[in-house]
file input.txt (compact mmCIF, C-alpha atoms and all ligand atoms)
# COMPACT_ATOMS: atom_id res chain seq x y z
CA MET A 16 0.87 32.84 -40.11
CA SER A 17 3.68 31.52 -37.95
CA TYR A 18 5.14 28.06 -37.95
CA ARG A 19 7.60 26.21 -35.85
CA THR A 20 9.29 23.14 -37.21
CA ALA A 21 7.25 20.27 -35.79
CA ALA A 22 10.10 18.13 -34.55
CA ALA A 23 13.84 18.08 -34.07
CA PRO A 24 15.99 16.84 -36.91
CA GLU A 25 16.98 13.20 -36.65
CA THR A 26 18.55 12.73 -33.24
CA LEU A 27 22.24 13.41 -33.14
CA LEU A 28 24.68 11.62 -30.88
CA ALA A 29 26.48 13.72 -28.26
CA SER A 30 29.75 12.19 -29.39
CA PRO A 31 29.65 11.08 -33.00
CA ASP A 32 30.38 7.45 -33.70
CA GLN A 33 33.62 6.95 -35.60
CA ALA A 34 32.38 4.10 -37.78
CA SER A 35 32.98 4.54 -41.50
CA GLN A 36 30.18 4.44 -44.06
CA SER A 37 31.51 1.13 -45.41
CA ALA A 38 31.35 -0.40 -41.91
CA ILE A 39 27.76 0.86 -41.47
CA THR A 40 26.74 -0.38 -44.92
CA GLY A 41 28.27 -3.77 -44.09
CA GLU A 42 26.27 -3.95 -40.85
CA ILE A 43 23.06 -3.07 -42.73
CA THR A 44 23.65 -5.81 -45.33
CA GLU A 45 24.44 -8.37 -42.63
CA LEU A 46 21.26 -7.60 -40.68
CA HIS A 47 19.04 -7.62 -43.76
CA ASP A 48 20.50 -11.02 -44.72
CA LEU A 49 19.94 -12.30 -41.19
CA TYR A 50 16.28 -11.24 -41.23
CA ALA A 51 15.74 -12.76 -44.67
CA ARG A 52 17.13 -16.08 -43.39
CA ARG A 53 14.94 -15.93 -40.27
CA GLU A 54 11.85 -15.29 -42.37
CA ALA A 55 12.79 -18.08 -44.77
CA GLY A 56 12.99 -20.28 -41.68
CA GLY A 57 9.34 -19.58 -40.93
CA GLU A 58 9.70 -16.81 -38.35
CA SER A 59 7.11 -14.04 -38.34
CA LEU A 60 9.01 -10.74 -38.27
CA PRO A 61 7.92 -7.11 -37.93
CA ALA A 62 8.41 -4.77 -40.88
CA THR A 63 10.92 -2.67 -39.00
CA MET A 64 13.95 -3.73 -36.99
CA HIS A 65 13.89 -1.92 -33.66
CA ASP A 66 17.22 -3.27 -32.48
CA PHE A 67 19.23 -1.96 -35.40
CA PRO A 68 22.80 -1.04 -34.36
CA PRO A 69 23.72 0.74 -37.64
CA TYR A 70 21.25 3.46 -36.50
CA ARG A 71 23.56 4.36 -33.62
CA SER A 72 21.41 6.91 -31.83
CA SER A 73 18.52 4.44 -31.54
CA ILE A 74 20.49 1.80 -29.66
CA LEU A 75 19.56 2.99 -26.16
CA ARG A 76 16.03 4.17 -26.92
CA HIS A 77 14.41 1.62 -29.17
CA PRO A 78 11.50 -0.44 -27.78
CA THR A 79 12.71 -3.61 -26.08
CA LYS A 80 9.30 -5.23 -25.58
CA ASN A 81 6.82 -6.43 -28.14
CA PRO A 82 3.95 -3.97 -28.65
CA LYS A 83 0.67 -5.02 -27.05
CA LEU A 84 -2.68 -4.41 -28.68
CA VAL A 85 -5.17 -2.79 -26.34
CA ASP A 86 -8.78 -1.87 -26.92
CA PRO A 87 -9.08 1.85 -27.53
CA GLU A 88 -11.10 3.88 -25.08
CA THR A 89 -14.29 5.57 -26.32
CA ILE A 90 -12.64 8.97 -26.42
CA GLU A 91 -9.94 7.58 -28.72
CA LEU A 92 -12.56 6.24 -31.13
CA LEU A 93 -14.37 9.54 -31.48
CA SER A 94 -11.60 12.11 -31.44
CA PRO A 95 -9.88 14.17 -32.58
CA ALA A 96 -12.27 15.48 -35.21
CA PHE A 97 -11.21 18.02 -37.79
CA GLY A 98 -13.13 19.93 -40.37
CA GLN A 99 -11.99 21.60 -43.56
CA ARG A 100 -12.51 24.96 -41.88
CA ASP A 101 -9.98 24.24 -39.13
CA VAL A 102 -7.06 24.45 -41.54
CA ALA A 103 -6.77 27.22 -44.11
CA ALA A 104 -6.13 26.11 -47.70
CA ILE A 105 -3.06 28.34 -47.86
CA GLU A 106 -1.36 26.28 -45.13
CA SER A 107 -0.68 23.51 -47.62
CA ASP A 108 1.50 25.79 -49.77
CA LEU A 109 4.95 26.02 -48.17
CA THR A 110 6.14 28.42 -50.87
CA LEU A 111 3.76 31.20 -49.84
CA GLN A 112 4.70 31.71 -46.20
CA HIS A 113 7.13 34.59 -46.70
CA ALA A 114 7.51 37.70 -48.81
CA GLY A 115 9.63 36.01 -51.48
CA GLU A 116 9.91 32.68 -53.27
CA PRO A 117 11.98 29.97 -51.61
CA LEU A 118 14.95 28.64 -53.54
CA GLY A 119 14.81 25.15 -55.00
CA GLU A 120 12.82 22.84 -57.21
CA ARG A 121 9.13 23.70 -56.71
CA LEU A 122 6.95 20.61 -56.57
CA THR A 123 3.50 19.29 -55.87
CA VAL A 124 3.04 16.32 -53.56
CA ARG A 125 -0.38 14.79 -53.90
CA GLY A 126 -1.78 11.56 -52.56
CA ARG A 127 -4.63 9.72 -50.93
CA LEU A 128 -4.99 8.53 -47.37
CA LEU A 129 -6.57 5.07 -47.46
CA ASP A 130 -7.39 2.19 -45.17
CA SER A 131 -6.35 -1.33 -46.10
CA TRP A 132 -9.58 -1.91 -48.03
CA GLY A 133 -8.76 1.08 -50.23
CA ARG A 134 -11.43 3.28 -48.67
CA PRO A 135 -10.57 6.98 -48.53
CA LEU A 136 -10.12 8.55 -45.10
CA ALA A 137 -11.66 12.03 -45.14
CA ASN A 138 -11.10 14.88 -42.67
CA GLN A 139 -7.78 13.63 -41.33
CA LEU A 140 -4.99 16.08 -40.54
CA ILE A 141 -1.76 15.67 -42.50
CA GLU A 142 1.24 17.72 -41.39
CA ILE A 143 4.62 17.85 -43.09
CA TRP A 144 8.00 19.26 -42.16
CA GLN A 145 11.23 19.24 -44.11
CA ALA A 146 14.65 20.76 -44.71
CA ASN A 147 15.09 23.53 -47.27
CA SER A 148 16.63 22.98 -50.71
CA ALA A 149 20.13 23.20 -49.19
CA GLY A 150 19.32 20.49 -46.65
CA ARG A 151 19.01 22.81 -43.64
CA TYR A 152 16.22 22.83 -41.05
CA ILE A 153 15.20 25.90 -39.11
CA HIS A 154 16.02 24.30 -35.80
CA GLN A 155 18.65 25.15 -33.22
CA ARG A 156 19.98 21.60 -33.31
CA ASP A 157 20.70 21.90 -37.02
CA GLN A 158 23.84 24.02 -37.23
CA HIS A 159 25.59 22.41 -40.17
CA PRO A 160 27.06 24.93 -42.61
CA ALA A 161 24.31 25.08 -45.23
CA PRO A 162 22.35 28.30 -45.71
CA LEU A 163 18.95 28.99 -44.19
CA ASP A 164 16.41 30.27 -46.69
CA PRO A 165 14.63 33.40 -45.40
CA ASN A 166 11.67 32.48 -47.62
CA PHE A 167 11.23 28.93 -46.41
CA THR A 168 10.14 27.62 -43.00
CA GLY A 169 9.50 24.02 -44.01
CA ALA A 170 6.21 23.15 -42.30
CA GLY A 171 2.66 22.90 -43.59
CA ARG A 172 -0.60 21.09 -43.05
CA ALA A 173 -3.75 20.00 -44.86
CA VAL A 174 -6.98 18.13 -44.14
CA THR A 175 -7.95 15.28 -46.47
CA ASN A 176 -11.04 15.88 -48.59
CA ASP A 177 -13.98 13.51 -49.08
CA ALA A 178 -11.90 11.39 -51.48
CA GLY A 179 -9.13 11.12 -48.86
CA GLU A 180 -6.90 13.36 -50.97
CA TYR A 181 -4.33 15.89 -49.86
CA LEU A 182 -2.04 18.20 -51.82
CA PHE A 183 1.04 20.19 -50.82
CA THR A 184 3.07 22.70 -52.78
CA THR A 185 6.65 22.88 -51.57
CA ILE A 186 10.26 22.69 -52.74
CA LYS A 187 12.44 19.62 -52.94
CA PRO A 188 14.45 19.25 -49.72
CA GLY A 189 18.18 18.66 -49.95
CA PRO A 190 20.04 15.74 -48.36
CA TYR A 191 21.83 16.66 -45.14
CA PRO A 192 24.63 15.34 -42.94
CA TRP A 193 23.95 13.90 -39.49
CA LYS A 194 26.37 12.52 -36.96
CA ASN A 195 25.31 8.87 -36.91
CA HIS A 196 28.76 7.93 -38.20
CA VAL A 197 31.60 9.57 -40.13
CA ASN A 198 30.22 11.49 -43.12
CA ALA A 199 26.64 10.20 -42.70
CA TRP A 200 24.05 11.80 -45.03
CA ARG A 201 20.31 11.36 -45.01
CA PRO A 202 18.52 10.91 -48.34
CA ALA A 203 16.20 13.82 -49.18
CA HIS A 204 12.86 13.34 -47.43
CA ILE A 205 9.69 14.99 -46.23
CA HIS A 206 8.38 14.07 -42.76
CA PHE A 207 4.66 13.28 -42.60
CA SER A 208 2.38 13.13 -39.56
CA ILE A 209 -1.12 11.67 -39.89
CA PHE A 210 -3.62 12.46 -37.15
CA GLY A 211 -7.34 12.01 -36.97
CA SER A 212 -10.36 10.02 -35.96
CA SER A 213 -9.83 7.05 -38.31
CA PHE A 214 -7.06 5.55 -36.19
CA THR A 215 -6.24 5.77 -32.52
CA GLN A 216 -2.81 7.36 -32.51
CA ARG A 217 -0.79 9.88 -34.44
CA LEU A 218 1.29 8.20 -37.14
CA VAL A 219 4.60 9.53 -38.40
CA THR A 220 6.52 8.55 -41.51
CA GLN A 221 8.83 9.95 -44.21
CA MET A 222 8.47 10.29 -47.96
CA TYR A 223 11.61 9.86 -50.05
CA PHE A 224 12.38 10.70 -53.68
CA PRO A 225 12.93 8.05 -56.37
CA GLY A 226 16.44 7.05 -57.33
CA ASP A 227 18.24 8.63 -54.39
CA PRO A 228 21.85 7.38 -54.31
CA LEU A 229 21.84 7.59 -50.50
CA PHE A 230 19.16 4.90 -50.00
CA ALA A 231 21.56 2.00 -49.55
CA LEU A 232 23.69 4.01 -47.12
CA ASP A 233 21.01 5.32 -44.75
CA PRO A 234 20.51 3.44 -41.47
CA ILE A 235 17.08 5.00 -40.84
CA TYR A 236 15.65 4.03 -44.22
CA ASN A 237 17.14 0.57 -43.79
CA THR A 238 15.58 -0.16 -40.41
CA ILE A 239 12.82 -1.35 -42.75
CA TRP A 240 14.36 -4.58 -43.87
CA ARG A 241 12.10 -5.65 -46.77
CA GLN A 242 12.60 -3.85 -50.08
CA LYS A 243 8.85 -3.73 -50.78
CA ASP A 244 8.23 -1.91 -47.49
CA ARG A 245 11.02 0.56 -48.19
CA ASP A 246 9.56 1.12 -51.67
CA SER A 247 6.25 2.18 -50.09
CA LEU A 248 8.03 5.24 -48.67
CA VAL A 249 9.28 6.50 -52.03
CA GLY A 250 7.11 9.06 -53.80
CA VAL A 251 6.28 8.30 -57.42
CA TYR A 252 7.17 10.93 -60.01
CA ASP A 253 3.91 11.83 -61.79
CA HIS A 254 4.15 14.06 -64.81
CA ASP A 255 0.40 14.66 -64.67
CA LEU A 256 0.98 16.55 -61.42
CA THR A 257 3.47 18.95 -62.98
CA SER A 258 2.63 22.50 -64.04
CA PRO A 259 4.25 23.89 -67.21
CA GLU A 260 7.04 26.36 -66.45
CA TRP A 261 6.25 26.00 -62.76
CA SER A 262 6.63 22.73 -60.85
CA THR A 263 7.36 19.01 -60.85
CA GLY A 264 5.04 16.53 -59.17
CA TYR A 265 5.11 13.44 -56.97
CA ARG A 266 2.38 11.10 -55.79
CA PHE A 267 2.52 9.63 -52.30
CA ASP A 268 -0.42 7.49 -51.17
CA ILE A 269 -0.56 6.49 -47.51
CA VAL A 270 -2.26 3.33 -46.21
CA VAL A 271 -2.88 3.31 -42.49
CA ASP A 272 -3.44 -0.35 -41.67
CA GLY A 273 -3.44 -3.89 -42.99
CA PRO A 274 -0.85 -5.74 -45.07
CA ASP A 275 -0.40 -2.87 -47.51
CA SER A 276 0.13 -0.24 -44.86
CA THR A 277 2.81 2.41 -45.15
CA TRP A 278 5.67 1.86 -42.73
CA PHE A 279 5.33 4.21 -39.76
CA GLU A 280 7.93 5.20 -37.21
CA GLN A 281 7.53 3.81 -33.71
CA GLU A 282 6.91 6.19 -30.84
CA GLY A 283 10.15 7.79 -29.66
CA GLU A 284 11.94 7.55 -33.00
FE FE B 301 14.64 14.87 -41.47

call {"tool": "encode", "arguments": {"input": "input.txt", "output": "structure tokens"}}
result
Amino acid sequence: MSYRTAAAPETLLASPDQASQSAITGEITELHDLYARREAGGESLPATMHDFPPYRSSILRHPTKNPKLVDPETIELLSPAFGQRDVAAIESDLTLQHAGEPLGERLTVRGRLLDSWGRPLANQLIEIWQANSAGRYIHQRDQHPAPLDPNFTGAGRAVTNDAGEYLFTTIKPGPYPWKNHVNAWRPAHIHFSIFGSSFTQRLVTQMYFPGDPLFALDPIYNTIWRQKDRDSLVGVYDHDLTSPEWSTGYRFDIVVDGPDSTWFEQEGE
């Protein structure tokens, strides 16, 4: 089995911004306050702020127009279609892809893919990619001085079962630095892609880990300006998913539309 990491690490600026973390954190707080005031004033606001200067590398590439709803074409309503046989069960275990065990905290991530009425979405493809336990991606654009793990590639996939459930076995990714500003670090996260016939485009999001001290500092996490929406991206520690002497466990349910939907990244982010 061979894997390539599905996407580049978070985009890096050619010339790093020299803003300090305290300046970035101040900008985040100011913008969240501004949006809260606008909402209190009766404005209807999207869940994510596209024009969000603290996320420096998004300034020139964020959408500048409001998205328009269009009727999907027939082909988009009927495809793609996946079956359980298209993806081998072993592909959901990221700890089995090499001769040895990867380093790090072994964990189970389990969840359900649901629509806004709580109905399970079966036979949808879920792909994940992530850094290793030291916070390093196998990607030529990630050259920061943390070790690669010869026993960890960091990509896997699964198809949801009839109850809309998926399950991955992996290791906990480490936080990593990125050049958004001076000494910028991303909270530990797993990237998720959702693709299938129950919605008309591929959806991409990130799962975080509870209690991460980097949450308040991270411009990407904070493009989502309401706390309740940010909370929907944090996996829930679930001791029932742990295995004695073996692994910890997190639950991460994903809702694909409606008011309870998980926040998804916009195209190009
Ligand atoms: Fe990442």

call {"tool": "atom_distance", "arguments": {"input": "input.txt", "atom1": "atom CA of A:Arg151", "atom2": "atom CA of A:Gly169"}}
result
9.6 Å

call {"tool": "closest_residue", "arguments": {"input": "input.txt", "among": "A:Gln145, A:Thr175, A:Ser213, A:Asn166", "to": "ligand FE 301 (chain B)", "atoms": "only C-alpha atoms and all ligand atoms"}}
result
A:Gln145

call {"tool": "residues_near_ligand", "arguments": {"input": "input.txt", "ligand": "ligand FE 301 (chain B)", "cutoff": "9 Å", "atoms": "only C-alpha atoms and all ligand atoms", "output": "PyMOL selection string"}}
result
chain A and resi 22-25+144-146+150+152+190-191+201-206+221

call {"tool": "closest_atom_pairs", "arguments": {"input": "input.txt", "of": "stretch 38-151 of chain A", "to": "stretch 259-278 of chain A", "cutoff": "6 Å", "atoms": "only C-alpha atoms", "output": "tab-separated table"}}
result
residue	atom	partner	partner_atom	distance
A:Arg121	CA	A:Ser262	CA	4.9
A:Leu122	CA	A:Thr263	CA	4.6
A:Thr123	CA	A:Gly264	CA	4.6
A:Val124	CA	A:Tyr265	CA	4.9
A:Arg125	CA	A:Arg266	CA	5.0
A:Gly126	CA	A:Asp268	CA	4.5
A:Arg127	CA	A:Asp268	CA	4.8
A:Leu128	CA	A:Ile269	CA	4.9
A:Leu129	CA	A:Val270	CA	4.8
A:Asp130	CA	A:Val270	CA	5.4
A:Ser131	CA	A:Gly273	CA	5.0

call {"tool": "residues_around", "arguments": {"input": "input.txt", "residues": "A:Arg245", "least_positions_apart": "6", "cutoff": "8 Å", "atoms": "only C-alpha atoms", "output": "ChimeraX atom specification"}}
result
/A:236-237,239,278

call {"tool": "residues_around", "arguments": {"input": "input.txt", "residues": "stretch 49-52 of chain A", "least_positions_apart": "4", "cutoff": "12 Å", "atoms": "all atoms listed in the file", "output": "VMD selection string"}}
result
chain A and resid 42 to 45 56 to 64 66 to 67 238 to 242

call {"tool": "atom_distance", "arguments": {"input": "input.txt", "atom1": "atom CA of A:Ile209", "atom2": "atom CA of A:Gln139"}}
result
7.1 Å

call {"tool": "closest_residue", "arguments": {"input": "input.txt", "among": "A:Ile153, A:Pro228, A:Leu140, A:Glu180", "to": "A:Phe97", "atoms": "only C-alpha atoms"}}
result
A:Leu140

call {"tool": "atom_distance", "arguments": {"input": "input.txt", "atom1": "atom CA of A:Pro162", "atom2": "atom CA of A:Phe224"}}
result
21.7 Å

call {"tool": "decode", "arguments": {"input": "input.txt", "residues": "stretch 198-236 of chain A", "atoms": "N, CA and C atoms", "output": "PDB file, in the first residue's frame"}}
result
ATOM      1  N   ASN A 198       6.992  32.808  15.566  1.00  0.00           N
ATOM      2  CA  ASN A 198       6.733  31.745  16.527  1.00  0.00           C
ATOM      3  C   ASN A 198       5.270  31.290  16.541  1.00  0.00           C
ATOM      4  N   ALA A 199       4.686  31.150  15.350  1.00  0.00           N
ATOM      5  CA  ALA A 199       3.300  30.667  15.235  1.00  0.00           C
ATOM      6  C   ALA A 199       3.279  29.140  15.310  1.00  0.00           C
ATOM      7  N   TRP A 200       2.375  28.587  16.109  1.00  0.00           N
ATOM      8  CA  TRP A 200       2.221  27.132  16.232  1.00  0.00           C
ATOM      9  C   TRP A 200       0.765  26.761  16.012  1.00  0.00           C
ATOM     10  N   ARG A 201       0.551  25.706  15.267  1.00  0.00           N
ATOM     11  CA  ARG A 201      -0.806  25.199  15.082  1.00  0.00           C
ATOM     12  C   ARG A 201      -1.149  24.205  16.182  1.00  0.00           C
ATOM     13  N   PRO A 202      -2.372  24.286  16.743  1.00  0.00           N
ATOM     14  CA  PRO A 202      -2.797  23.237  17.672  1.00  0.00           C
ATOM     15  C   PRO A 202      -2.798  21.877  16.967  1.00  0.00           C
ATOM     16  N   ALA A 203      -2.598  20.816  17.716  1.00  0.00           N
ATOM     17  CA  ALA A 203      -2.627  19.471  17.122  1.00  0.00           C
ATOM     18  C   ALA A 203      -3.969  19.244  16.430  1.00  0.00           C
ATOM     19  N   HIS A 204      -3.939  18.648  15.251  1.00  0.00           N
ATOM     20  CA  HIS A 204      -5.190  18.446  14.512  1.00  0.00           C
ATOM     21  C   HIS A 204      -5.043  17.329  13.495  1.00  0.00           C
ATOM     22  N   ILE A 205      -6.181  16.773  13.127  1.00  0.00           N
ATOM     23  CA  ILE A 205      -6.258  15.794  12.044  1.00  0.00           C
ATOM     24  C   ILE A 205      -7.137  16.397  10.953  1.00  0.00           C
ATOM     25  N   HIS A 206      -6.642  16.421   9.717  1.00  0.00           N
ATOM     26  CA  HIS A 206      -7.448  16.922   8.592  1.00  0.00           C
ATOM     27  C   HIS A 206      -8.417  15.826   8.146  1.00  0.00           C
ATOM     28  N   PHE A 207      -9.642  16.226   7.879  1.00  0.00           N
ATOM     29  CA  PHE A 207     -10.677  15.304   7.391  1.00  0.00           C
ATOM     30  C   PHE A 207     -11.200  15.785   6.041  1.00  0.00           C
ATOM     31  N   SER A 208     -11.392  14.859   5.116  1.00  0.00           N
ATOM     32  CA  SER A 208     -12.099  15.146   3.868  1.00  0.00           C
ATOM     33  C   SER A 208     -13.300  14.203   3.800  1.00  0.00           C
ATOM     34  N   ILE A 209     -14.443  14.752   3.439  1.00  0.00           N
ATOM     35  CA  ILE A 209     -15.676  13.973   3.321  1.00  0.00           C
ATOM     36  C   ILE A 209     -16.124  14.059   1.872  1.00  0.00           C
ATOM     37  N   PHE A 210     -16.376  12.924   1.257  1.00  0.00           N
ATOM     38  CA  PHE A 210     -16.659  12.902  -0.179  1.00  0.00           C
ATOM     39  C   PHE A 210     -17.662  11.790  -0.448  1.00  0.00           C
ATOM     40  N   GLY A 211     -18.698  12.104  -1.196  1.00  0.00           N
ATOM     41  CA  GLY A 211     -19.663  11.049  -1.467  1.00  0.00           C
ATOM     42  C   GLY A 211     -20.899  11.563  -2.161  1.00  0.00           C
ATOM     43  N   SER A 212     -21.908  10.727  -2.213  1.00  0.00           N
ATOM     44  CA  SER A 212     -23.100  11.026  -2.992  1.00  0.00           C
ATOM     45  C   SER A 212     -24.175  11.739  -2.174  1.00  0.00           C
ATOM     46  N   SER A 213     -23.942  11.971  -0.879  1.00  0.00           N
ATOM     47  CA  SER A 213     -24.969  12.604  -0.054  1.00  0.00           C
ATOM     48  C   SER A 213     -24.872  14.124  -0.042  1.00  0.00           C
ATOM     49  N   PHE A 214     -23.864  14.657  -0.708  1.00  0.00           N
ATOM     50  CA  PHE A 214     -23.713  16.107  -0.825  1.00  0.00           C
ATOM     51  C   PHE A 214     -22.951  16.350  -2.120  1.00  0.00           C
ATOM     52  N   THR A 215     -23.001  17.584  -2.611  1.00  0.00           N
ATOM     53  CA  THR A 215     -22.558  17.779  -3.994  1.00  0.00           C
ATOM     54  C   THR A 215     -21.124  18.269  -4.129  1.00  0.00           C
ATOM     55  N   GLN A 216     -20.399  18.416  -3.045  1.00  0.00           N
ATOM     56  CA  GLN A 216     -18.974  18.705  -3.207  1.00  0.00           C
ATOM     57  C   GLN A 216     -18.181  18.119  -2.042  1.00  0.00           C
ATOM     58  N   ARG A 217     -16.905  17.923  -2.305  1.00  0.00           N
ATOM     59  CA  ARG A 217     -16.027  17.420  -1.259  1.00  0.00           C
ATOM     60  C   ARG A 217     -15.941  18.461  -0.144  1.00  0.00           C
ATOM     61  N   LEU A 218     -15.991  17.992   1.090  1.00  0.00           N
ATOM     62  CA  LEU A 218     -15.942  18.886   2.240  1.00  0.00           C
ATOM     63  C   LEU A 218     -14.688  18.581   3.042  1.00  0.00           C
ATOM     64  N   VAL A 219     -14.033  19.628   3.507  1.00  0.00           N
ATOM     65  CA  VAL A 219     -12.770  19.465   4.227  1.00  0.00           C
ATOM     66  C   VAL A 219     -12.833  20.197   5.548  1.00  0.00           C
ATOM     67  N   THR A 220     -12.381  19.542   6.614  1.00  0.00           N
ATOM     68  CA  THR A 220     -12.381  20.192   7.923  1.00  0.00           C
ATOM     69  C   THR A 220     -11.216  19.645   8.749  1.00  0.00           C
ATOM     70  N   GLN A 221     -11.124  20.073   9.995  1.00  0.00           N
ATOM     71  CA  GLN A 221     -10.057  19.603  10.888  1.00  0.00           C
ATOM     72  C   GLN A 221     -10.670  19.223  12.224  1.00  0.00           C
ATOM     73  N   MET A 222     -10.142  18.158  12.812  1.00  0.00           N
ATOM     74  CA  MET A 222     -10.515  17.783  14.174  1.00  0.00           C
ATOM     75  C   MET A 222      -9.377  18.171  15.113  1.00  0.00           C
ATOM     76  N   TYR A 223      -9.741  18.833  16.219  1.00  0.00           N
ATOM     77  CA  TYR A 223      -8.745  19.224  17.214  1.00  0.00           C
ATOM     78  C   TYR A 223      -8.902  18.346  18.455  1.00  0.00           C
ATOM     79  N   PHE A 224      -7.999  18.561  19.421  1.00  0.00           N
ATOM     80  CA  PHE A 224      -8.025  17.767  20.653  1.00  0.00           C
ATOM     81  C   PHE A 224      -8.378  18.662  21.835  1.00  0.00           C
ATOM     82  N   PRO A 225      -9.208  18.149  22.762  1.00  0.00           N
ATOM     83  CA  PRO A 225      -9.715  19.005  23.847  1.00  0.00           C
ATOM     84  C   PRO A 225      -8.594  19.599  24.697  1.00  0.00           C
ATOM     85  N   GLY A 226      -8.820  20.834  25.118  1.00  0.00           N
ATOM     86  CA  GLY A 226      -7.932  21.482  26.074  1.00  0.00           C
ATOM     87  C   GLY A 226      -6.616  21.966  25.509  1.00  0.00           C
ATOM     88  N   ASP A 227      -6.507  22.093  24.202  1.00  0.00           N
ATOM     89  CA  ASP A 227      -5.220  22.497  23.624  1.00  0.00           C
ATOM     90  C   ASP A 227      -4.903  23.950  23.984  1.00  0.00           C
ATOM     91  N   PRO A 228      -3.739  24.211  24.580  1.00  0.00           N
ATOM     92  CA  PRO A 228      -3.412  25.588  24.972  1.00  0.00           C
ATOM     93  C   PRO A 228      -3.189  26.531  23.791  1.00  0.00           C
ATOM     94  N   LEU A 229      -3.100  25.969  22.572  1.00  0.00           N
ATOM     95  CA  LEU A 229      -2.850  26.818  21.399  1.00  0.00           C
ATOM     96  C   LEU A 229      -4.138  27.341  20.754  1.00  0.00           C
ATOM     97  N   PHE A 230      -5.299  26.891  21.235  1.00  0.00           N
ATOM     98  CA  PHE A 230      -6.561  27.301  20.601  1.00  0.00           C
ATOM     99  C   PHE A 230      -6.676  28.817  20.456  1.00  0.00           C
ATOM    100  N   ALA A 231      -6.465  29.523  21.557  1.00  0.00           N
ATOM    101  CA  ALA A 231      -6.707  30.973  21.538  1.00  0.00           C
ATOM    102  C   ALA A 231      -5.707  31.706  20.650  1.00  0.00           C
ATOM    103  N   LEU A 232      -4.601  31.047  20.319  1.00  0.00           N
ATOM    104  CA  LEU A 232      -3.526  31.710  19.584  1.00  0.00           C
ATOM    105  C   LEU A 232      -3.589  31.463  18.079  1.00  0.00           C
ATOM    106  N   ASP A 233      -4.407  30.525  17.645  1.00  0.00           N
ATOM    107  CA  ASP A 233      -4.333  30.026  16.267  1.00  0.00           C
ATOM    108  C   ASP A 233      -5.281  30.779  15.330  1.00  0.00           C
ATOM    109  N   PRO A 234      -4.735  31.489  14.337  1.00  0.00           N
ATOM    110  CA  PRO A 234      -5.596  32.255  13.433  1.00  0.00           C
ATOM    111  C   PRO A 234      -6.516  31.372  12.588  1.00  0.00           C
ATOM    112  N   ILE A 235      -6.109  30.157  12.262  1.00  0.00           N
ATOM    113  CA  ILE A 235      -6.978  29.311  11.429  1.00  0.00           C
ATOM    114  C   ILE A 235      -8.202  28.867  12.234  1.00  0.00           C
ATOM    115  N   TYR A 236      -7.954  28.323  13.413  1.00  0.00           N
ATOM    116  CA  TYR A 236      -9.061  27.910  14.285  1.00  0.00           C
ATOM    117  C   TYR A 236     -10.005  29.084  14.547  1.00  0.00           C
TER     118      TYR A 236
END
